[in-house]
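Below is model.cif, holding mmCIF, N, CA and C atoms.
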data_final
#
loop_
_atom_site.group_PDB
_atom_site.id
_atom_site.type_symbol
_atom_site.label_atom_id
_atom_site.label_comp_id
_atom_site.auth_asym_id
_atom_site.auth_seq_id
_atom_site.Cartn_x
_atom_site.Cartn_y
_atom_site.Cartn_z
ATOM 1 N N MET A 96 -0.811 -3.155 -20.195
ATOM 2 C CA MET A 96 -0.357 -4.518 -20.102
ATOM 3 C C MET A 96 0.281 -4.786 -18.734
ATOM 4 N N VAL A 97 0.967 -3.805 -18.181
ATOM 5 C CA VAL A 97 1.562 -3.946 -16.845
ATOM 6 C C VAL A 97 0.495 -3.597 -15.808
ATOM 7 N N PRO A 98 0.333 -4.415 -14.767
ATOM 8 C CA PRO A 98 -0.669 -4.111 -13.738
ATOM 9 C C PRO A 98 -0.451 -2.713 -13.138
ATOM 10 N N ASP A 99 -1.518 -2.151 -12.576
ATOM 11 C CA ASP A 99 -1.465 -0.792 -12.035
ATOM 12 C C ASP A 99 -0.342 -0.596 -11.015
ATOM 13 N N ASP A 100 -0.067 -1.595 -10.190
ATOM 14 C CA ASP A 100 0.991 -1.449 -9.193
ATOM 15 C C ASP A 100 2.337 -1.950 -9.713
ATOM 16 N N GLY A 101 2.409 -2.259 -11.010
ATOM 17 C CA GLY A 101 3.643 -2.731 -11.629
ATOM 18 C C GLY A 101 4.478 -1.588 -12.182
ATOM 19 N N MET A 102 5.575 -1.953 -12.830
ATOM 20 C CA MET A 102 6.491 -0.952 -13.364
ATOM 21 C C MET A 102 7.206 -1.538 -14.574
ATOM 22 N N ALA A 103 7.414 -0.718 -15.581
ATOM 23 C CA ALA A 103 8.214 -1.070 -16.745
ATOM 24 C C ALA A 103 9.327 -0.042 -16.851
ATOM 25 N N ALA A 104 10.550 -0.505 -17.096
ATOM 26 C CA ALA A 104 11.686 0.419 -17.192
ATOM 27 C C ALA A 104 12.776 -0.184 -18.069
ATOM 28 N N ARG A 105 13.592 0.687 -18.623
ATOM 29 C CA ARG A 105 14.753 0.234 -19.385
ATOM 30 C C ARG A 105 15.798 -0.284 -18.405
ATOM 31 N N TRP A 106 16.428 -1.395 -18.759
ATOM 32 C CA TRP A 106 17.420 -2.015 -17.882
ATOM 33 C C TRP A 106 18.605 -2.386 -18.761
ATOM 34 N N GLY A 107 19.616 -1.569 -18.780
ATOM 35 C CA GLY A 107 20.764 -1.847 -19.644
ATOM 36 C C GLY A 107 20.517 -1.355 -21.054
ATOM 37 N N GLY A 108 21.388 -1.766 -21.954
ATOM 38 C CA GLY A 108 21.347 -1.282 -23.327
ATOM 39 C C GLY A 108 20.084 -1.616 -24.085
ATOM 40 N N GLU A 109 19.820 -2.899 -24.300
ATOM 41 C CA GLU A 109 18.661 -3.314 -25.081
ATOM 42 C C GLU A 109 17.666 -4.093 -24.234
ATOM 43 N N GLU A 110 17.775 -3.998 -22.942
ATOM 44 C CA GLU A 110 16.916 -4.792 -22.069
ATOM 45 C C GLU A 110 15.931 -3.911 -21.319
ATOM 46 N N PHE A 111 14.800 -4.506 -21.009
ATOM 47 C CA PHE A 111 13.762 -3.842 -20.236
ATOM 48 C C PHE A 111 13.348 -4.769 -19.112
ATOM 49 N N ILE A 112 12.788 -4.193 -18.075
ATOM 50 C CA ILE A 112 12.336 -4.969 -16.930
ATOM 51 C C ILE A 112 10.879 -4.643 -16.660
ATOM 52 N N LEU A 113 10.107 -5.672 -16.371
ATOM 53 C CA LEU A 113 8.723 -5.508 -15.947
ATOM 54 C C LEU A 113 8.632 -6.067 -14.530
ATOM 55 N N VAL A 114 8.193 -5.242 -13.605
ATOM 56 C CA VAL A 114 7.976 -5.683 -12.227
ATOM 57 C C VAL A 114 6.470 -5.742 -12.039
ATOM 58 N N MET A 115 5.979 -6.921 -11.656
ATOM 59 C CA MET A 115 4.537 -7.117 -11.546
ATOM 60 C C MET A 115 4.208 -7.765 -10.199
ATOM 61 N N PRO A 116 4.143 -6.952 -9.140
ATOM 62 C CA PRO A 116 3.853 -7.494 -7.806
ATOM 63 C C PRO A 116 2.509 -8.219 -7.767
ATOM 64 N N GLY A 117 2.500 -9.351 -7.084
ATOM 65 C CA GLY A 117 1.263 -10.091 -6.907
ATOM 66 C C GLY A 117 0.809 -10.885 -8.118
ATOM 67 N N VAL A 118 1.602 -10.883 -9.175
ATOM 68 C CA VAL A 118 1.261 -11.624 -10.387
ATOM 69 C C VAL A 118 2.041 -12.932 -10.379
ATOM 70 N N GLY A 119 1.337 -14.042 -10.484
ATOM 71 C CA GLY A 119 1.985 -15.351 -10.511
ATOM 72 C C GLY A 119 2.697 -15.594 -11.829
ATOM 73 N N ILE A 120 3.528 -16.614 -11.849
ATOM 74 C CA ILE A 120 4.338 -16.895 -13.033
ATOM 75 C C ILE A 120 3.465 -17.238 -14.242
ATOM 76 N N SER A 121 2.334 -17.929 -14.035
ATOM 77 C CA SER A 121 1.454 -18.273 -15.159
ATOM 78 C C SER A 121 0.806 -17.033 -15.756
ATOM 79 N N GLN A 122 0.343 -16.133 -14.898
ATOM 80 C CA GLN A 122 -0.263 -14.891 -15.391
ATOM 81 C C GLN A 122 0.799 -14.015 -16.054
ATOM 82 N N ALA A 123 1.994 -13.966 -15.480
ATOM 83 C CA ALA A 123 3.085 -13.190 -16.084
ATOM 84 C C ALA A 123 3.422 -13.749 -17.463
ATOM 85 N N HIS A 124 3.424 -15.076 -17.594
ATOM 86 C CA HIS A 124 3.691 -15.707 -18.882
ATOM 87 C C HIS A 124 2.640 -15.291 -19.905
ATOM 88 N N SER A 125 1.380 -15.284 -19.499
ATOM 89 C CA SER A 125 0.299 -14.861 -20.396
ATOM 90 C C SER A 125 0.458 -13.401 -20.819
ATOM 91 N N LEU A 126 0.805 -12.540 -19.873
ATOM 92 C CA LEU A 126 1.028 -11.121 -20.199
ATOM 93 C C LEU A 126 2.189 -10.970 -21.184
ATOM 94 N N CYS A 127 3.245 -11.742 -20.985
ATOM 95 C CA CYS A 127 4.395 -11.664 -21.889
ATOM 96 C C CYS A 127 4.055 -12.198 -23.276
ATOM 97 N N GLN A 128 3.190 -13.197 -23.351
ATOM 98 C CA GLN A 128 2.735 -13.689 -24.653
ATOM 99 C C GLN A 128 1.963 -12.594 -25.390
ATOM 100 N N ARG A 129 1.138 -11.848 -24.661
ATOM 101 C CA ARG A 129 0.401 -10.736 -25.284
ATOM 102 C C ARG A 129 1.374 -9.672 -25.790
ATOM 103 N N LEU A 130 2.396 -9.353 -24.979
ATOM 104 C CA LEU A 130 3.411 -8.384 -25.382
ATOM 105 C C LEU A 130 4.118 -8.864 -26.649
ATOM 106 N N GLN A 131 4.478 -10.118 -26.682
ATOM 107 C CA GLN A 131 5.136 -10.692 -27.847
ATOM 108 C C GLN A 131 4.256 -10.563 -29.091
ATOM 109 N N ALA A 132 2.965 -10.844 -28.944
ATOM 110 C CA ALA A 132 2.040 -10.748 -30.074
ATOM 111 C C ALA A 132 1.936 -9.312 -30.592
ATOM 112 N N VAL A 133 1.866 -8.355 -29.679
ATOM 113 C CA VAL A 133 1.790 -6.941 -30.076
ATOM 114 C C VAL A 133 3.051 -6.539 -30.845
ATOM 115 N N LEU A 134 4.214 -6.955 -30.346
ATOM 116 C CA LEU A 134 5.462 -6.593 -31.021
ATOM 117 C C LEU A 134 5.562 -7.240 -32.399
ATOM 118 N N ARG A 135 5.089 -8.461 -32.531
ATOM 119 C CA ARG A 135 5.128 -9.141 -33.837
ATOM 120 C C ARG A 135 4.266 -8.413 -34.868
ATOM 121 N N GLU A 136 3.186 -7.792 -34.402
ATOM 122 C CA GLU A 136 2.261 -7.096 -35.304
ATOM 123 C C GLU A 136 2.673 -5.653 -35.575
ATOM 124 N N THR A 137 3.669 -5.159 -34.857
ATOM 125 C CA THR A 137 4.108 -3.783 -35.014
ATOM 126 C C THR A 137 4.958 -3.653 -36.272
ATOM 127 N N GLU A 138 4.597 -2.694 -37.100
ATOM 128 C CA GLU A 138 5.370 -2.461 -38.314
ATOM 129 C C GLU A 138 6.538 -1.548 -37.991
ATOM 130 N N ALA A 139 7.730 -2.043 -38.261
ATOM 131 C CA ALA A 139 8.949 -1.276 -38.015
ATOM 132 C C ALA A 139 9.905 -1.483 -39.186
ATOM 133 N N ALA A 140 9.343 -1.408 -40.395
ATOM 134 C CA ALA A 140 10.125 -1.665 -41.606
ATOM 135 C C ALA A 140 11.388 -0.823 -41.611
ATOM 136 N N PRO A 141 12.494 -1.359 -42.022
ATOM 137 C CA PRO A 141 12.672 -2.676 -42.632
ATOM 138 C C PRO A 141 12.952 -3.781 -41.598
ATOM 139 N N CYS A 142 12.754 -3.511 -40.339
ATOM 140 C CA CYS A 142 13.069 -4.478 -39.286
ATOM 141 C C CYS A 142 11.843 -5.297 -38.894
ATOM 142 N N THR A 143 12.123 -6.469 -38.365
ATOM 143 C CA THR A 143 11.092 -7.286 -37.748
ATOM 144 C C THR A 143 11.377 -7.275 -36.252
ATOM 145 N N LEU A 144 10.384 -6.942 -35.447
ATOM 146 C CA LEU A 144 10.573 -6.893 -34.005
ATOM 147 C C LEU A 144 10.359 -8.270 -33.391
ATOM 148 N N THR A 145 11.290 -8.668 -32.558
ATOM 149 C CA THR A 145 11.161 -9.903 -31.797
ATOM 150 C C THR A 145 11.521 -9.581 -30.355
ATOM 151 N N VAL A 146 11.155 -10.492 -29.452
ATOM 152 C CA VAL A 146 11.481 -10.280 -28.048
ATOM 153 C C VAL A 146 11.795 -11.629 -27.407
ATOM 154 N N SER A 147 12.908 -11.685 -26.722
ATOM 155 C CA SER A 147 13.278 -12.853 -25.931
ATOM 156 C C SER A 147 13.055 -12.470 -24.480
ATOM 157 N N ILE A 148 12.264 -13.284 -23.776
ATOM 158 C CA ILE A 148 11.850 -12.927 -22.424
ATOM 159 C C ILE A 148 12.287 -14.002 -21.431
ATOM 160 N N GLY A 149 12.849 -13.545 -20.323
ATOM 161 C CA GLY A 149 13.164 -14.425 -19.207
ATOM 162 C C GLY A 149 12.256 -14.077 -18.047
ATOM 163 N N LEU A 150 11.519 -15.048 -17.548
ATOM 164 C CA LEU A 150 10.596 -14.830 -16.430
ATOM 165 C C LEU A 150 11.174 -15.388 -15.145
ATOM 166 N N ALA A 151 11.040 -14.623 -14.071
ATOM 167 C CA ALA A 151 11.442 -15.098 -12.746
ATOM 168 C C ALA A 151 10.411 -14.615 -11.740
ATOM 169 N N ALA A 152 10.182 -15.419 -10.724
ATOM 170 C CA ALA A 152 9.238 -15.057 -9.671
ATOM 171 C C ALA A 152 9.903 -15.273 -8.325
ATOM 172 N N GLY A 153 9.579 -14.425 -7.388
ATOM 173 C CA GLY A 153 10.134 -14.541 -6.047
ATOM 174 C C GLY A 153 9.810 -13.309 -5.239
ATOM 175 N N ARG A 154 10.451 -13.190 -4.102
ATOM 176 C CA ARG A 154 10.203 -12.041 -3.221
ATOM 177 C C ARG A 154 11.067 -10.859 -3.643
ATOM 178 N N PHE A 155 10.485 -9.665 -3.532
ATOM 179 C CA PHE A 155 11.205 -8.453 -3.924
ATOM 180 C C PHE A 155 12.464 -8.245 -3.087
ATOM 181 N N GLU A 156 12.472 -8.760 -1.869
ATOM 182 C CA GLU A 156 13.657 -8.616 -1.016
ATOM 183 C C GLU A 156 14.870 -9.306 -1.634
ATOM 184 N N GLN A 157 14.627 -10.200 -2.576
ATOM 185 C CA GLN A 157 15.702 -10.920 -3.269
ATOM 186 C C GLN A 157 15.857 -10.382 -4.695
ATOM 187 N N PHE A 158 15.770 -9.078 -4.838
ATOM 188 C CA PHE A 158 15.742 -8.445 -6.156
ATOM 189 C C PHE A 158 16.930 -8.852 -7.024
ATOM 190 N N GLU A 159 18.124 -8.873 -6.456
ATOM 191 C CA GLU A 159 19.308 -9.236 -7.240
ATOM 192 C C GLU A 159 19.214 -10.665 -7.752
ATOM 193 N N VAL A 160 18.669 -11.556 -6.936
ATOM 194 C CA VAL A 160 18.491 -12.945 -7.356
ATOM 195 C C VAL A 160 17.449 -13.022 -8.468
ATOM 196 N N LEU A 161 16.364 -12.270 -8.325
ATOM 197 C CA LEU A 161 15.330 -12.245 -9.362
ATOM 198 C C LEU A 161 15.903 -11.768 -10.693
ATOM 199 N N ILE A 162 16.677 -10.708 -10.636
ATOM 200 C CA ILE A 162 17.281 -10.170 -11.868
ATOM 201 C C ILE A 162 18.211 -11.196 -12.491
ATOM 202 N N ALA A 163 19.042 -11.827 -11.680
ATOM 203 C CA ALA A 163 19.997 -12.817 -12.199
ATOM 204 C C ALA A 163 19.278 -14.013 -12.824
ATOM 205 N N THR A 164 18.214 -14.485 -12.192
ATOM 206 C CA THR A 164 17.508 -15.641 -12.745
ATOM 207 C C THR A 164 16.734 -15.273 -14.011
ATOM 208 N N ALA A 165 16.128 -14.099 -14.022
ATOM 209 C CA ALA A 165 15.422 -13.648 -15.230
ATOM 210 C C ALA A 165 16.408 -13.436 -16.374
ATOM 211 N N ASP A 166 17.575 -12.884 -16.071
ATOM 212 C CA ASP A 166 18.605 -12.650 -17.083
ATOM 213 C C ASP A 166 19.083 -13.976 -17.680
ATOM 214 N N ALA A 167 19.317 -14.963 -16.815
ATOM 215 C CA ALA A 167 19.749 -16.282 -17.302
ATOM 216 C C ALA A 167 18.675 -16.905 -18.186
ATOM 217 N N ALA A 168 17.419 -16.757 -17.801
ATOM 218 C CA ALA A 168 16.325 -17.296 -18.606
ATOM 219 C C ALA A 168 16.221 -16.573 -19.950
ATOM 220 N N MET A 169 16.461 -15.265 -19.962
ATOM 221 C CA MET A 169 16.410 -14.509 -21.209
ATOM 222 C C MET A 169 17.502 -14.995 -22.167
ATOM 223 N N TYR A 170 18.700 -15.197 -21.651
ATOM 224 C CA TYR A 170 19.777 -15.688 -22.514
ATOM 225 C C TYR A 170 19.505 -17.111 -22.980
ATOM 226 N N ALA A 171 18.842 -17.919 -22.159
ATOM 227 C CA ALA A 171 18.438 -19.262 -22.589
ATOM 228 C C ALA A 171 17.444 -19.155 -23.740
ATOM 229 N N ALA A 172 16.532 -18.184 -23.668
ATOM 230 C CA ALA A 172 15.566 -17.961 -24.751
ATOM 231 C C ALA A 172 16.295 -17.577 -26.031
ATOM 232 N N LYS A 173 17.294 -16.731 -25.918
ATOM 233 C CA LYS A 173 18.056 -16.332 -27.105
ATOM 234 C C LYS A 173 18.799 -17.519 -27.701
ATOM 235 N N ARG A 174 19.415 -18.329 -26.845
ATOM 236 C CA ARG A 174 20.156 -19.511 -27.334
ATOM 237 C C ARG A 174 19.219 -20.530 -27.982
ATOM 238 N N ALA A 175 17.979 -20.572 -27.544
ATOM 239 C CA ALA A 175 17.012 -21.553 -28.057
ATOM 240 C C ALA A 175 16.336 -21.084 -29.346
ATOM 241 N N GLY A 176 16.727 -19.946 -29.858
ATOM 242 C CA GLY A 176 16.181 -19.509 -31.133
ATOM 243 C C GLY A 176 15.581 -18.125 -31.141
ATOM 244 N N ARG A 177 15.678 -17.410 -30.068
ATOM 245 C CA ARG A 177 15.156 -16.044 -29.967
ATOM 246 C C ARG A 177 13.643 -15.995 -30.114
ATOM 247 N N ASP A 178 13.087 -14.836 -29.802
ATOM 248 C CA ASP A 178 11.643 -14.596 -29.879
ATOM 249 C C ASP A 178 10.872 -15.670 -29.105
ATOM 250 N N ARG A 179 11.355 -15.942 -27.889
ATOM 251 C CA ARG A 179 10.775 -16.975 -27.037
ATOM 252 C C ARG A 179 10.616 -16.451 -25.616
ATOM 253 N N ILE A 180 9.864 -17.188 -24.827
ATOM 254 C CA ILE A 180 9.712 -16.898 -23.401
ATOM 255 C C ILE A 180 10.222 -18.112 -22.646
ATOM 256 N N GLU A 181 11.165 -17.899 -21.737
ATOM 257 C CA GLU A 181 11.704 -18.977 -20.907
ATOM 258 C C GLU A 181 11.458 -18.638 -19.446
ATOM 259 N N LYS A 182 10.988 -19.614 -18.682
ATOM 260 C CA LYS A 182 10.787 -19.432 -17.249
ATOM 261 C C LYS A 182 12.054 -19.868 -16.519
ATOM 262 N N ALA A 183 12.488 -19.034 -15.579
ATOM 263 C CA ALA A 183 13.653 -19.363 -14.754
ATOM 264 C C ALA A 183 13.222 -20.278 -13.622
ATOM 265 N N PRO A 184 14.177 -21.043 -13.076
ATOM 266 C CA PRO A 184 13.850 -21.789 -11.851
ATOM 267 C C PRO A 184 13.414 -20.794 -10.777
ATOM 268 N N ALA A 185 12.641 -21.225 -9.834
ATOM 269 C CA ALA A 185 12.165 -20.340 -8.766
ATOM 270 C C ALA A 185 13.344 -19.683 -8.065
ATOM 271 N N ALA A 186 13.271 -18.380 -7.886
ATOM 272 C CA ALA A 186 14.353 -17.637 -7.238
ATOM 273 C C ALA A 186 14.584 -18.147 -5.820
ATOM 274 N N ASP A 187 13.515 -18.514 -5.120
ATOM 275 C CA ASP A 187 13.670 -19.032 -3.763
ATOM 276 C C ASP A 187 14.495 -20.318 -3.764
ATOM 277 N N ALA A 188 14.269 -21.178 -4.754
ATOM 278 C CA ALA A 188 15.012 -22.436 -4.825
ATOM 279 C C ALA A 188 16.489 -22.172 -5.124
ATOM 280 N N LEU A 189 16.764 -21.212 -5.993
ATOM 281 C CA LEU A 189 18.158 -20.872 -6.296
ATOM 282 C C LEU A 189 18.863 -20.304 -5.073
ATOM 283 N N LEU A 190 18.166 -19.446 -4.340
ATOM 284 C CA LEU A 190 18.754 -18.848 -3.155
ATOM 285 C C LEU A 190 19.055 -19.938 -2.123
ATOM 286 N N ALA A 191 18.155 -20.876 -1.948
ATOM 287 C CA ALA A 191 18.354 -21.952 -0.975
ATOM 288 C C ALA A 191 19.526 -22.841 -1.375
ATOM 289 N N SER A 192 19.758 -23.001 -2.677
ATOM 290 C CA SER A 192 20.835 -23.865 -3.137
ATOM 291 C C SER A 192 22.188 -23.178 -3.091
ATOM 292 N N GLY A 193 22.191 -21.868 -2.850
ATOM 293 C CA GLY A 193 23.448 -21.126 -2.794
ATOM 294 C C GLY A 193 23.900 -20.591 -4.140
ATOM 295 N N LYS A 194 23.156 -20.862 -5.208
ATOM 296 C CA LYS A 194 23.503 -20.353 -6.546
ATOM 297 C C LYS A 194 22.939 -18.957 -6.698
ATOM 298 N N ARG A 195 23.690 -18.077 -7.366
ATOM 299 C CA ARG A 195 23.227 -16.707 -7.618
ATOM 300 C C ARG A 195 23.547 -16.295 -9.003
#

Would you mind writing the file's structure down as structure tokens?
Amino acid sequence: MVPDDGMAARWGGEEFILVMPGVGISQAHSLCQRLQAVLRETEAAPCTLTVSIGLAAGRFEQFEVLIATADAAMYAAKRAGRDRIEKAPAADALLASGKR
């Protein structure tokens, strides 16, 4: 599911990060929808698996900004009902506005 030049890793307690260089936000959204579908079909009785995803796109040189925007989008997904995908504002736009 992660492109060959991408990376998946654990990030914090219950969080994971997917780095997908060269993948646009629309394609990343589609990949995350596939991931969500796979998790929904996974049997983990007595639990139901869900995933709240925050998507951010930008330059790797702004990694901290990317993480912060993706994290904010993930929490927005959780607040909106969980098991959702939320796109963050463009990291470049946030950096230009001075917000981090």

Residues matched by the PyMOL selection byres ((chain A and resi 114) around 8) as a ChimeraX atom specification: /A:97-98,100-104,111-113,115-118

Using DSSP secondary structure from the backbone, list all strand (DSSP E or B) positions within chain A, as a PDB file with N, CA and C atoms, in the coordinates of the input.
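For reference, part_10.pdb as written:
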ATOM      1  N   MET A 102       5.575  -1.953 -12.830  1.00  0.00           N
ATOM      2  CA  MET A 102       6.491  -0.952 -13.364  1.00  0.00           C
ATOM      3  C   MET A 102       7.206  -1.538 -14.574  1.00  0.00           C
ATOM      4  N   ALA A 103       7.414  -0.718 -15.581  1.00  0.00           N
ATOM      5  CA  ALA A 103       8.214  -1.070 -16.745  1.00  0.00           C
ATOM      6  C   ALA A 103       9.327  -0.042 -16.851  1.00  0.00           C
ATOM      7  N   ALA A 104      10.550  -0.505 -17.096  1.00  0.00           N
ATOM      8  CA  ALA A 104      11.686   0.419 -17.192  1.00  0.00           C
ATOM      9  C   ALA A 104      12.776  -0.184 -18.069  1.00  0.00           C
ATOM     10  N   ARG A 105      13.592   0.687 -18.623  1.00  0.00           N
ATOM     11  CA  ARG A 105      14.753   0.234 -19.385  1.00  0.00           C
ATOM     12  C   ARG A 105      15.798  -0.284 -18.405  1.00  0.00           C
ATOM     13  N   PHE A 111      14.800  -4.506 -21.009  1.00  0.00           N
ATOM     14  CA  PHE A 111      13.762  -3.842 -20.236  1.00  0.00           C
ATOM     15  C   PHE A 111      13.348  -4.769 -19.112  1.00  0.00           C
ATOM     16  N   ILE A 112      12.788  -4.193 -18.075  1.00  0.00           N
ATOM     17  CA  ILE A 112      12.336  -4.969 -16.930  1.00  0.00           C
ATOM     18  C   ILE A 112      10.879  -4.643 -16.660  1.00  0.00           C
ATOM     19  N   LEU A 113      10.107  -5.672 -16.371  1.00  0.00           N
ATOM     20  CA  LEU A 113       8.723  -5.508 -15.947  1.00  0.00           C
ATOM     21  C   LEU A 113       8.632  -6.067 -14.530  1.00  0.00           C
ATOM     22  N   VAL A 114       8.193  -5.242 -13.605  1.00  0.00           N
ATOM     23  CA  VAL A 114       7.976  -5.683 -12.227  1.00  0.00           C
ATOM     24  C   VAL A 114       6.470  -5.742 -12.039  1.00  0.00           C
ATOM     25  N   ALA A 139       7.730  -2.043 -38.261  1.00  0.00           N
ATOM     26  CA  ALA A 139       8.949  -1.276 -38.015  1.00  0.00           C
ATOM     27  C   ALA A 139       9.905  -1.483 -39.186  1.00  0.00           C
ATOM     28  N   CYS A 142      12.754  -3.511 -40.339  1.00  0.00           N
ATOM     29  CA  CYS A 142      13.069  -4.478 -39.286  1.00  0.00           C
ATOM     30  C   CYS A 142      11.843  -5.297 -38.894  1.00  0.00           C
ATOM     31  N   ILE A 148      12.264 -13.284 -23.776  1.00  0.00           N
ATOM     32  CA  ILE A 148      11.850 -12.927 -22.424  1.00  0.00           C
ATOM     33  C   ILE A 148      12.287 -14.002 -21.431  1.00  0.00           C
ATOM     34  N   GLY A 149      12.849 -13.545 -20.323  1.00  0.00           N
ATOM     35  CA  GLY A 149      13.164 -14.425 -19.207  1.00  0.00           C
ATOM     36  C   GLY A 149      12.256 -14.077 -18.047  1.00  0.00           C
ATOM     37  N   LEU A 150      11.519 -15.048 -17.548  1.00  0.00           N
ATOM     38  CA  LEU A 150      10.596 -14.830 -16.430  1.00  0.00           C
ATOM     39  C   LEU A 150      11.174 -15.388 -15.145  1.00  0.00           C
ATOM     40  N   ILE A 180       9.864 -17.188 -24.827  1.00  0.00           N
ATOM     41  CA  ILE A 180       9.712 -16.898 -23.401  1.00  0.00           C
ATOM     42  C   ILE A 180      10.222 -18.112 -22.646  1.00  0.00           C
ATOM     43  N   GLU A 181      11.165 -17.899 -21.737  1.00  0.00           N
ATOM     44  CA  GLU A 181      11.704 -18.977 -20.907  1.00  0.00           C
ATOM     45  C   GLU A 181      11.458 -18.638 -19.446  1.00  0.00           C
ATOM     46  N   LYS A 182      10.988 -19.614 -18.682  1.00  0.00           N
ATOM     47  CA  LYS A 182      10.787 -19.432 -17.249  1.00  0.00           C
ATOM     48  C   LYS A 182      12.054 -19.868 -16.519  1.00  0.00           C
TER      49      LYS A 182
END

Surrounding residues of Arg179 in chain A excluding itself and chain neighbours under 6 positions, 7 Å, all atoms listed in the file, as an MDAnalysis selection string: chainID A and resid 145:149 172:173

Pairwise distance for CA of Ser121 in chain A and atom N of Leu150 in chain A, rounded to one decimal in Å: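 Computing it gives 10.8 Å between the two atoms.
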
Computed interatomic separation between CA of Arg135 in chain A and CA of Arg177 in chain A (Å):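 A separation of 12.8 Å between them.
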
Atom pair CA of Arg174 in chain A / atom N of Phe155 in chain A: separation (Å): 27.5 Å

When the PyMOL selection byres (((chain A and resi 165 and name CA) around 12) and name CA) is applied to the file above, which residues end up in the set, as a short mmCIF file (atom, residue, chain, number, x, y, z; two decimals) with N, CA and C atoms, in the coordinates of the input?
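Dumped everything to expr.cif:
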data_model
loop_
_atom_site.label_atom_id
_atom_site.label_comp_id
_atom_site.auth_asym_id
_atom_site.auth_seq_id
_atom_site.Cartn_x
_atom_site.Cartn_y
_atom_site.Cartn_z
N GLU A 110 17.77 -4.00 -22.94
CA GLU A 110 16.92 -4.79 -22.07
C GLU A 110 15.93 -3.91 -21.32
N PHE A 111 14.80 -4.51 -21.01
CA PHE A 111 13.76 -3.84 -20.24
C PHE A 111 13.35 -4.77 -19.11
N ILE A 112 12.79 -4.19 -18.08
CA ILE A 112 12.34 -4.97 -16.93
C ILE A 112 10.88 -4.64 -16.66
N LEU A 113 10.11 -5.67 -16.37
CA LEU A 113 8.72 -5.51 -15.95
C LEU A 113 8.63 -6.07 -14.53
N VAL A 114 8.19 -5.24 -13.60
CA VAL A 114 7.98 -5.68 -12.23
C VAL A 114 6.47 -5.74 -12.04
N ILE A 120 3.53 -16.61 -11.85
CA ILE A 120 4.34 -16.90 -13.03
C ILE A 120 3.46 -17.24 -14.24
N SER A 147 12.91 -11.68 -26.72
CA SER A 147 13.28 -12.85 -25.93
C SER A 147 13.06 -12.47 -24.48
N ILE A 148 12.26 -13.28 -23.78
CA ILE A 148 11.85 -12.93 -22.42
C ILE A 148 12.29 -14.00 -21.43
N GLY A 149 12.85 -13.54 -20.32
CA GLY A 149 13.16 -14.42 -19.21
C GLY A 149 12.26 -14.08 -18.05
N LEU A 150 11.52 -15.05 -17.55
CA LEU A 150 10.60 -14.83 -16.43
C LEU A 150 11.17 -15.39 -15.14
N ALA A 151 11.04 -14.62 -14.07
CA ALA A 151 11.44 -15.10 -12.75
C ALA A 151 10.41 -14.62 -11.74
N ALA A 152 10.18 -15.42 -10.72
CA ALA A 152 9.24 -15.06 -9.67
C ALA A 152 9.90 -15.27 -8.32
N GLY A 153 9.58 -14.42 -7.39
CA GLY A 153 10.13 -14.54 -6.05
C GLY A 153 9.81 -13.31 -5.24
N PHE A 158 15.77 -9.08 -4.84
CA PHE A 158 15.74 -8.44 -6.16
C PHE A 158 16.93 -8.85 -7.02
N GLU A 159 18.12 -8.87 -6.46
CA GLU A 159 19.31 -9.24 -7.24
C GLU A 159 19.21 -10.66 -7.75
N VAL A 160 18.67 -11.56 -6.94
CA VAL A 160 18.49 -12.94 -7.36
C VAL A 160 17.45 -13.02 -8.47
N LEU A 161 16.36 -12.27 -8.32
CA LEU A 161 15.33 -12.24 -9.36
C LEU A 161 15.90 -11.77 -10.69
N ILE A 162 16.68 -10.71 -10.64
CA ILE A 162 17.28 -10.17 -11.87
C ILE A 162 18.21 -11.20 -12.49
N ALA A 163 19.04 -11.83 -11.68
CA ALA A 163 20.00 -12.82 -12.20
C ALA A 163 19.28 -14.01 -12.82
N THR A 164 18.21 -14.48 -12.19
CA THR A 164 17.51 -15.64 -12.74
C THR A 164 16.73 -15.27 -14.01
N ASP A 166 17.58 -12.88 -16.07
CA ASP A 166 18.60 -12.65 -17.08
C ASP A 166 19.08 -13.98 -17.68
N ALA A 167 19.32 -14.96 -16.82
CA ALA A 167 19.75 -16.28 -17.30
C ALA A 167 18.68 -16.90 -18.19
N ALA A 168 17.42 -16.76 -17.80
CA ALA A 168 16.32 -17.30 -18.61
C ALA A 168 16.22 -16.57 -19.95
N MET A 169 16.46 -15.26 -19.96
CA MET A 169 16.41 -14.51 -21.21
C MET A 169 17.50 -15.00 -22.17
N TYR A 170 18.70 -15.20 -21.65
CA TYR A 170 19.78 -15.69 -22.51
C TYR A 170 19.50 -17.11 -22.98
N ALA A 171 18.84 -17.92 -22.16
CA ALA A 171 18.44 -19.26 -22.59
C ALA A 171 17.44 -19.16 -23.74
N ALA A 172 16.53 -18.18 -23.67
CA ALA A 172 15.57 -17.96 -24.75
C ALA A 172 16.30 -17.58 -26.03
N ILE A 180 9.86 -17.19 -24.83
CA ILE A 180 9.71 -16.90 -23.40
C ILE A 180 10.22 -18.11 -22.65
N GLU A 181 11.16 -17.90 -21.74
CA GLU A 181 11.70 -18.98 -20.91
C GLU A 181 11.46 -18.64 -19.45
N LYS A 182 10.99 -19.61 -18.68
CA LYS A 182 10.79 -19.43 -17.25
C LYS A 182 12.05 -19.87 -16.52
N ALA A 183 12.49 -19.03 -15.58
CA ALA A 183 13.65 -19.36 -14.75
C ALA A 183 13.22 -20.28 -13.62
N PRO A 184 14.18 -21.04 -13.08
CA PRO A 184 13.85 -21.79 -11.85
C PRO A 184 13.41 -20.79 -10.78
N ALA A 185 12.64 -21.22 -9.83
CA ALA A 185 12.16 -20.34 -8.77
C ALA A 185 13.34 -19.68 -8.06
N ALA A 186 13.27 -18.38 -7.89
CA ALA A 186 14.35 -17.64 -7.24
C ALA A 186 14.58 -18.15 -5.82
N LEU A 189 16.76 -21.21 -5.99
CA LEU A 189 18.16 -20.87 -6.30
C LEU A 189 18.86 -20.30 -5.07
N ARG A 195 23.69 -18.08 -7.37
CA ARG A 195 23.23 -16.71 -7.62
C ARG A 195 23.55 -16.30 -9.00
#

Distance criterion (all atoms listed in the file): nearest to Leu144 in chain A out of A:Gln131, A:Gly119, A:Glu156, A:Gly108: A:Gln131
